[in-house]
Amino acid sequence: MTSSSAAYGQPAQVPGPPAPPAGPRRGSALPWVLVAVLAVVAVVLGVLLGVRSGGAGDSEQQGFATPEEAVEFSTEQIAEGDAAGALTAWATDAQAENLDLVGTLERLRAFTPADTSSLPSDDKLFVGLAKTTRAGAAAEQYRRMTISLLLPDVDLDSTTPLEKGDVSAQDIVDELDSARLADLTAQRIDQVKGPGKLDENLAEAAKLVGADERREYVVLYELDGETYLGGVGVLRYGDDWQIDSLQSSFAGTAYGSLVAITSEEYDDLVADFSS
């Protein structure tokens, strides 16, 4: 009688002694380890390069160890012609996700539908819309900054007629060349300080967007040997500083745009903060 395990038409075989355990297969484990390590390295480099180069990580906002680093980084990105990179230094996502809408409306004592940032932070749809509109507001401030540098004689808040012959359509197009911003730098960044009421207002503003701290700074920019005044508001979430405005309300700087100023005038302005 044949064993039921025998193949059809073949006699049953008497089992022999078990085969010795297979030894390690040389050359198989090490390549897989290398592949795994290289894969991890590639992922890490991809994330870092994506954020820094404005690639796949364009929508990923980043924090900085100091407010100065955030301002310097965003300025460098504008000088390099990378608008998306500059926006990664902003806190627009964190603000949209943490806004205290009730507290904000109570402080304003009004609801203005035109204020596109006043949206609930506990509703997925409105958070998504708020992130987009806040990013748009940040881009608008950079638009005002760059135009104020490239077209300093143009009033940003009025219409410039072209039929008088002072400036032509081609003049406007020629001047709006972002390559001219390549040497833009932030030469000085000084914190705005004032009476106790200022600290209270800044603390309240931070609280309304879930931040731990808010500060305002004035910035001395330089481009082609000329110096300009600008303002910046920053927020701290944990250990990370991010930009929330290109304006210092207390220092009276313009919204987004820069104005010509001498180094001496800038020194006097900063000195007033301590007086």
# chains A, B, ... in the order shown; residues from 1 in each chain; ligands from 1
>>> select_by_dssp(residues="region 221-274 of chain A", states="strand (DSSP E)", output="PyMOL selection string")
chain A and resi 221-223+226-237+240-245+259-260
>>> closest_atom_pairs(of="region 157-214 of chain A", to="region 133-152 of chain A", cutoff="8 Å", atoms="only C-alpha atoms", output="Markdown table")
| residue | atom | partner | partner_atom | distance |
| --- | --- | --- | --- | --- |
| A:Ile172 | CA | A:Leu151 | CA | 7.8 |
| A:Glu175 | CA | A:Leu150 | CA | 6.0 |
| A:Leu176 | CA | A:Leu150 | CA | 6.1 |
| A:Asp177 | CA | A:Leu150 | CA | 7.7 |
| A:Ser178 | CA | A:Thr146 | CA | 7.9 |
| A:Arg180 | CA | A:Leu150 | CA | 7.7 |
| A:Leu181 | CA | A:Thr146 | CA | 7.9 |
>>> write_last_selection(atoms="C-alpha atoms", output="PDB file, in the first residue's frame")
ATOM      1  CA  ILE A 172       5.278  99.966 -15.482  1.00  0.00           C
ATOM      2  CA  GLU A 175       9.993  98.395 -13.633  1.00  0.00           C
ATOM      3  CA  LEU A 176       8.057  95.413 -12.273  1.00  0.00           C
ATOM      4  CA  ASP A 177      11.029  93.088 -12.665  1.00  0.00           C
ATOM      5  CA  SER A 178      11.600  90.979  -9.552  1.00  0.00           C
ATOM      6  CA  ARG A 180      15.832  93.972  -9.357  1.00  0.00           C
ATOM      7  CA  LEU A 181      15.123  92.757  -5.808  1.00  0.00           C
TER       8      LEU A 181
END
>>> residues_around(residues="region 239-241 of chain A", least_positions_apart="4", cutoff="12 Å", atoms="only C-alpha atoms", output="PyMOL selection string")
chain A and resi 61-71+73+88-91+94+206+211-216+233-235
>>> write_last_selection(atoms="N, CA and C atoms", output="PDB file, in the first residue's frame")
ATOM      1  N   GLN A  61       4.295  75.168   6.477  1.00  0.00           N
ATOM      2  CA  GLN A  61       4.868  76.336   7.127  1.00  0.00           C
ATOM      3  C   GLN A  61       5.836  75.900   8.209  1.00  0.00           C
ATOM      4  N   GLN A  62       6.841  76.715   8.445  1.00  0.00           N
ATOM      5  CA  GLN A  62       7.896  76.353   9.374  1.00  0.00           C
ATOM      6  C   GLN A  62       8.066  77.416  10.442  1.00  0.00           C
ATOM      7  N   GLY A  63       8.599  76.991  11.590  1.00  0.00           N
ATOM      8  CA  GLY A  63       8.866  77.910  12.676  1.00  0.00           C
ATOM      9  C   GLY A  63      10.350  78.208  12.773  1.00  0.00           C
ATOM     10  N   PHE A  64      10.682  79.289  13.470  1.00  0.00           N
ATOM     11  CA  PHE A  64      12.069  79.721  13.597  1.00  0.00           C
ATOM     12  C   PHE A  64      12.403  79.952  15.066  1.00  0.00           C
ATOM     13  N   ALA A  65      13.681  79.814  15.393  1.00  0.00           N
ATOM     14  CA  ALA A  65      14.113  79.945  16.787  1.00  0.00           C
ATOM     15  C   ALA A  65      13.958  81.369  17.301  1.00  0.00           C
ATOM     16  N   THR A  66      14.060  82.357  16.409  1.00  0.00           N
ATOM     17  CA  THR A  66      13.929  83.759  16.807  1.00  0.00           C
ATOM     18  C   THR A  66      13.096  84.506  15.771  1.00  0.00           C
ATOM     19  N   PRO A  67      12.480  85.622  16.162  1.00  0.00           N
ATOM     20  CA  PRO A  67      11.760  86.444  15.181  1.00  0.00           C
ATOM     21  C   PRO A  67      12.678  86.945  14.074  1.00  0.00           C
ATOM     22  N   GLU A  68      13.913  87.283  14.449  1.00  0.00           N
ATOM     23  CA  GLU A  68      14.856  87.791  13.457  1.00  0.00           C
ATOM     24  C   GLU A  68      15.107  86.773  12.346  1.00  0.00           C
ATOM     25  N   GLU A  69      15.210  85.499  12.718  1.00  0.00           N
ATOM     26  CA  GLU A  69      15.445  84.466  11.711  1.00  0.00           C
ATOM     27  C   GLU A  69      14.273  84.364  10.742  1.00  0.00           C
ATOM     28  N   ALA A  70      13.063  84.498  11.257  1.00  0.00           N
ATOM     29  CA  ALA A  70      11.879  84.436  10.397  1.00  0.00           C
ATOM     30  C   ALA A  70      11.879  85.581   9.393  1.00  0.00           C
ATOM     31  N   VAL A  71      12.207  86.791   9.862  1.00  0.00           N
ATOM     32  CA  VAL A  71      12.228  87.963   8.984  1.00  0.00           C
ATOM     33  C   VAL A  71      13.340  87.835   7.946  1.00  0.00           C
ATOM     34  N   PHE A  73      14.800  85.108   6.822  1.00  0.00           N
ATOM     35  CA  PHE A  73      14.509  84.035   5.868  1.00  0.00           C
ATOM     36  C   PHE A  73      13.498  84.496   4.822  1.00  0.00           C
ATOM     37  N   THR A  88       6.155  80.363   3.665  1.00  0.00           N
ATOM     38  CA  THR A  88       6.325  79.281   4.637  1.00  0.00           C
ATOM     39  C   THR A  88       6.751  79.806   5.997  1.00  0.00           C
ATOM     40  N   ALA A  89       7.181  81.064   6.067  1.00  0.00           N
ATOM     41  CA  ALA A  89       7.602  81.646   7.347  1.00  0.00           C
ATOM     42  C   ALA A  89       6.434  82.251   8.115  1.00  0.00           C
ATOM     43  N   TRP A  90       5.235  82.143   7.567  1.00  0.00           N
ATOM     44  CA  TRP A  90       4.067  82.781   8.175  1.00  0.00           C
ATOM     45  C   TRP A  90       3.274  81.821   9.058  1.00  0.00           C
ATOM     46  N   ALA A  91       2.432  82.400   9.904  1.00  0.00           N
ATOM     47  CA  ALA A  91       1.624  81.627  10.851  1.00  0.00           C
ATOM     48  C   ALA A  91       0.176  81.509  10.400  1.00  0.00           C
ATOM     49  N   ALA A  94      -1.616  78.192  11.453  1.00  0.00           N
ATOM     50  CA  ALA A  94      -1.828  78.099  12.901  1.00  0.00           C
ATOM     51  C   ALA A  94      -2.918  79.059  13.353  1.00  0.00           C
ATOM     52  N   ALA A 206      -2.294  87.695  20.807  1.00  0.00           N
ATOM     53  CA  ALA A 206      -1.739  86.340  20.740  1.00  0.00           C
ATOM     54  C   ALA A 206      -2.759  85.316  21.226  1.00  0.00           C
ATOM     55  N   ALA A 211      -1.820  81.697  20.223  1.00  0.00           N
ATOM     56  CA  ALA A 211      -0.360  81.793  20.300  1.00  0.00           C
ATOM     57  C   ALA A 211       0.071  82.089  21.733  1.00  0.00           C
ATOM     58  N   ASP A 212       1.339  81.835  22.014  1.00  0.00           N
ATOM     59  CA  ASP A 212       1.877  82.079  23.350  1.00  0.00           C
ATOM     60  C   ASP A 212       2.396  83.502  23.523  1.00  0.00           C
ATOM     61  N   GLU A 213       2.717  84.160  22.411  1.00  0.00           N
ATOM     62  CA  GLU A 213       3.282  85.503  22.509  1.00  0.00           C
ATOM     63  C   GLU A 213       3.187  86.194  21.156  1.00  0.00           C
ATOM     64  N   ARG A 214       3.041  87.516  21.196  1.00  0.00           N
ATOM     65  CA  ARG A 214       3.093  88.315  19.973  1.00  0.00           C
ATOM     66  C   ARG A 214       4.005  89.506  20.198  1.00  0.00           C
ATOM     67  N   ARG A 215       4.788  89.837  19.180  1.00  0.00           N
ATOM     68  CA  ARG A 215       5.670  91.000  19.239  1.00  0.00           C
ATOM     69  C   ARG A 215       5.568  91.776  17.932  1.00  0.00           C
ATOM     70  N   GLU A 216       6.032  93.031  17.989  1.00  0.00           N
ATOM     71  CA  GLU A 216       6.146  93.843  16.785  1.00  0.00           C
ATOM     72  C   GLU A 216       7.582  94.338  16.657  1.00  0.00           C
ATOM     73  N   GLY A 233       4.951  91.964  12.382  1.00  0.00           N
ATOM     74  CA  GLY A 233       4.359  91.365  13.569  1.00  0.00           C
ATOM     75  C   GLY A 233       4.666  89.879  13.556  1.00  0.00           C
ATOM     76  N   VAL A 234       4.996  89.314  14.711  1.00  0.00           N
ATOM     77  CA  VAL A 234       5.346  87.895  14.783  1.00  0.00           C
ATOM     78  C   VAL A 234       4.594  87.228  15.927  1.00  0.00           C
ATOM     79  N   LEU A 235       4.381  85.932  15.785  1.00  0.00           N
ATOM     80  CA  LEU A 235       3.709  85.129  16.805  1.00  0.00           C
ATOM     81  C   LEU A 235       4.607  83.973  17.212  1.00  0.00           C
TER      82      LEU A 235
END
>>> residues_around(residues="Val209 (chain A)", least_positions_apart="5", cutoff="9 Å", atoms="only C-alpha atoms", output="list of chain:residue names")
A:Ala94, A:Gln95, A:Ala96, A:Glu97, A:Asn98, A:Leu99, A:Asp100, A:Leu101, A:Thr104
>>> closest_residue(among="A:Glu222, A:Asp268, A:Asp115, A:Asp244", to="Ala130 (chain A)", atoms="only C-alpha atoms")
A:Asp115
>>> select_by_dssp(residues="region 87-187 of chain A", states="alpha helix (DSSP H)", output="VMD selection string")
chain A and resid 87 92 to 98 101 to 108 124 to 150 169 to 175
>>> residues_around(residues="region 260-266 of chain A", least_positions_apart="4", cutoff="6 Å", atoms="only C-alpha atoms", output="ChimeraX atom specification")
/A:227-229
>>> write_last_selection(atoms="all heavy atoms", output="mmCIF file, in the first residue's frame")
data_model
loop_
_atom_site.group_PDB
_atom_site.id
_atom_site.type_symbol
_atom_site.label_atom_id
_atom_site.label_comp_id
_atom_site.auth_asym_id
_atom_site.auth_seq_id
_atom_site.Cartn_x
_atom_site.Cartn_y
_atom_site.Cartn_z
ATOM 1 N N THR A 227 18.002 102.762 1.850
ATOM 2 C CA THR A 227 17.423 102.102 3.019
ATOM 3 C C THR A 227 15.944 102.445 3.144
ATOM 4 O O THR A 227 15.509 103.551 2.792
ATOM 5 C CB THR A 227 18.166 102.505 4.301
ATOM 6 O OG1 THR A 227 18.295 103.933 4.360
ATOM 7 C CG2 THR A 227 19.547 101.873 4.334
ATOM 8 N N TYR A 228 15.188 101.479 3.684
ATOM 9 C CA TYR A 228 13.733 101.605 3.758
ATOM 10 C C TYR A 228 13.236 101.085 5.105
ATOM 11 O O TYR A 228 13.817 100.171 5.696
ATOM 12 C CB TYR A 228 13.068 100.803 2.636
ATOM 13 C CG TYR A 228 13.504 101.206 1.254
ATOM 14 C CD1 TYR A 228 14.654 100.650 0.680
ATOM 15 C CD2 TYR A 228 12.791 102.144 0.515
ATOM 16 C CE1 TYR A 228 15.068 101.024 -0.588
ATOM 17 C CE2 TYR A 228 13.199 102.519 -0.756
ATOM 18 C CZ TYR A 228 14.339 101.956 -1.302
ATOM 19 O OH TYR A 228 14.759 102.334 -2.559
ATOM 20 N N LEU A 229 12.128 101.656 5.547
ATOM 21 C CA LEU A 229 11.516 101.250 6.812
ATOM 22 C C LEU A 229 10.314 100.355 6.563
ATOM 23 O O LEU A 229 9.471 100.635 5.708
ATOM 24 C CB LEU A 229 11.060 102.492 7.591
ATOM 25 C CG LEU A 229 10.207 102.228 8.842
ATOM 26 C CD1 LEU A 229 11.035 101.529 9.916
ATOM 27 C CD2 LEU A 229 9.607 103.535 9.368
#
>>> atom_distance(atom1="CA of Gly194 (chain A)", atom2="CA of Thr253 (chain A)")
15.1 Å
>>> atom_distance(atom1="CA of Val218 (chain A)", atom2="CA of Thr185 (chain A)")
13.7 Å
>>> atom_distance(atom1="CA of Asn201 (chain A)", atom2="CA of Phe250 (chain A)")
10.3 Å
